[in-house]
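Here the structure comes first, spelled out in structure tokens, and everything after it is commentary.
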Amino acid sequence: MKRFLPPLTMLCLAFLLVACPQRPEVAQIGKPAPEFTLVDTKGKTWALAELKGKVVFLNFWATWCPPCRQEMPSMQAIYASMPADSFIMLAVLSNDDPALADAMAAKIGTTFPILVDPENKTAQAYGLTGVPETYIIDKQGVLREKFLGAVQWDSAESLGMLRKYLAQ
């Protein structure tokens, strides 16, 4: 019996390593941002690969999230002030109804695209821990910044950070 125990133990360990799913790698600052292709609430398809050459402001949010609603007006302010040829803001709806998102956007007056992540695969790829959560991706597709919670996006500090990436 003692003779069979070590090989049996090794066999069980090898099975566990192969059979157990590994935790997927999530987005890391300084590394290429995870690719995604999502459809917005108007039916347009957005793919990160097609946005190279632009700074991408990627915000995960939900209508039921008070801090998300709080930061939307400041997001709209910077979206309206940034050059469309080198900046894009994408709001990714997380665990929510697209019709409610469109209604809220109309009420607040936001005009940036609202993308739908129906199976939360993009949220998982970015390692989303809650909403709101925002990622800044540079013109080369590298993830440069991550913000947890609501931010006053039209503040001097936030604008300076975004302009730094626009200038690169």
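Labels for the structure tokens follow display order: chains A, B, ..., residues from 1 in each chain, ligands from 1.
Residues with any atom within 10 Å of Arg163 of chain A, counting only C-alpha atoms and excluding same-chain neighbours fewer than 6 positions away, are Val55, Met82, Phe87 and Glu157 of chain A.
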Can I get the selection written as a compact mmCIF listing (two decimals), in the first residue's frame, with N, CA and C atoms?
```txt
# COMPACT_ATOMS: atom_id res chain seq x y z
N VAL A 55 -7.26 58.22 -27.52
CA VAL A 55 -7.30 57.94 -26.09
C VAL A 55 -8.72 57.44 -25.81
N MET A 82 -13.40 67.48 -25.53
CA MET A 82 -12.23 66.78 -26.08
C MET A 82 -12.32 66.66 -27.60
N PHE A 87 -9.96 61.34 -29.16
CA PHE A 87 -10.51 60.94 -27.86
C PHE A 87 -11.89 60.33 -28.06
N GLU A 157 -7.27 68.50 -12.31
CA GLU A 157 -6.41 67.33 -12.22
C GLU A 157 -6.78 66.26 -13.26
```
Using DSSP on the backbone, list every residue of segment 86-126 of chain A that comes out as strand (DSSP E), and give them as a ChimeraX atom specification.
/A:87-93,114-116
Closest to Asn95 of chain A among A:Ser81, A:Thr110, A:Gln152, A:Thr122, using only C-alpha atoms?
A:Thr122
Could you tell me, as a PyMOL selection string, which residues of chain A DSSP assigns to helix (DSSP H, G or I) when given the backbone?
chain A and resi 5-19+48-51+66-81+98-108+121-125+156-167
Hey, which of A:Asp117, A:Gln124, A:Asp154, A:Ser86 ends up closest to Gln168 of chain A? Count only C-alpha atoms.
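Using only C-alpha atoms, Gln168 of chain A sits closest to A:Ser86.
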Shell around Ser74 of chain A at 12 Å using only C-alpha atoms, local window under 5 positions removed, as a ChimeraX atom specification
/A:67-69,79-81,108-110,150-156,158-159
Separation of atom CA of Leu128 of chain A and atom CA of Gly53 of chain A, in Å?
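Atom-to-atom, atom CA of Leu128 of chain A to atom CA of Gly53 of chain A, that is 24.7 Å.
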Given only C-alpha atoms as the counted atoms, nearest of A:Thr37, A:Thr63, A:Thr111, A:Gln140 to Ser94 of chain A
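The answer is A:Thr63, which sits nearest to Ser94 of chain A.
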Quick one, how far is atom CA of Asp96 of chain A from atom CA of Glu119 of chain A?
11.0 Å
Selection near Leu48 of chain A, 8 Å with only C-alpha atoms, sequence-local residues under 2 positions removed, as a list in words
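So, after excluding close chain neighbours, the residues are Glu35, Phe36, Thr37, Trp46, Glu50, Leu51, Lys52 and Gly141 of chain A.
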Writing out the chosen residues with C-alpha atoms as a compact mmCIF listing (two decimals), in the first residue's frame:
```
# COMPACT_ATOMS: atom_id res chain seq x y z
CA GLU A 35 -9.69 43.63 -26.53
CA PHE A 36 -13.45 43.88 -26.70
CA THR A 37 -16.19 44.17 -29.27
CA TRP A 46 -17.39 49.21 -31.11
CA GLU A 50 -10.43 49.94 -34.25
CA LEU A 51 -9.80 52.77 -31.77
CA LYS A 52 -5.99 52.76 -31.96
CA GLY A 141 -3.92 50.53 -26.76
```
Which residues, written as a PyMOL selection string, have at least one atom at most 9 Å from Cys65 of chain A, with only C-alpha atoms counted and residues fewer than 4 positions away on the same chain left out?
chain A and resi 61+69-70+131-132
Write out, as a JSON list (two decimals), in the first residue's frame, the residues just selected, with N, CA and C atoms.
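And here is the file that came out, again.json:
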```
[["chain", "number", "residue", "atom", "x", "y", "z"],
["A", 61, "TRP", "N", -20.47, 51.20, -15.59],
["A", 61, "TRP", "CA", -21.48, 51.86, -14.74],
["A", 61, "TRP", "C", -22.80, 51.11, -14.77],
["A", 69, "ARG", "N", -24.32, 57.85, -11.43],
["A", 69, "ARG", "CA", -25.15, 58.98, -11.87],
["A", 69, "ARG", "C", -24.50, 60.31, -11.50],
["A", 70, "GLN", "N", -23.84, 60.34, -10.36],
["A", 70, "GLN", "CA", -23.17, 61.56, -9.89],
["A", 70, "GLN", "C", -22.06, 62.01, -10.84],
["A", 131, "VAL", "N", -18.90, 49.30, -9.59],
["A", 131, "VAL", "CA", -19.18, 50.44, -10.46],
["A", 131, "VAL", "C", -19.35, 51.69, -9.60],
["A", 132, "PRO", "N", -18.96, 52.84, -10.10],
["A", 132, "PRO", "CA", -18.26, 53.05, -11.37],
["A", 132, "PRO", "C", -16.79, 52.66, -11.27]]
```
Which of these residues is nearest to Ile114 of chain A, using only C-alpha atoms: A:Val92, A:Asn59, A:Thr129, A:Val142?
A:Val92
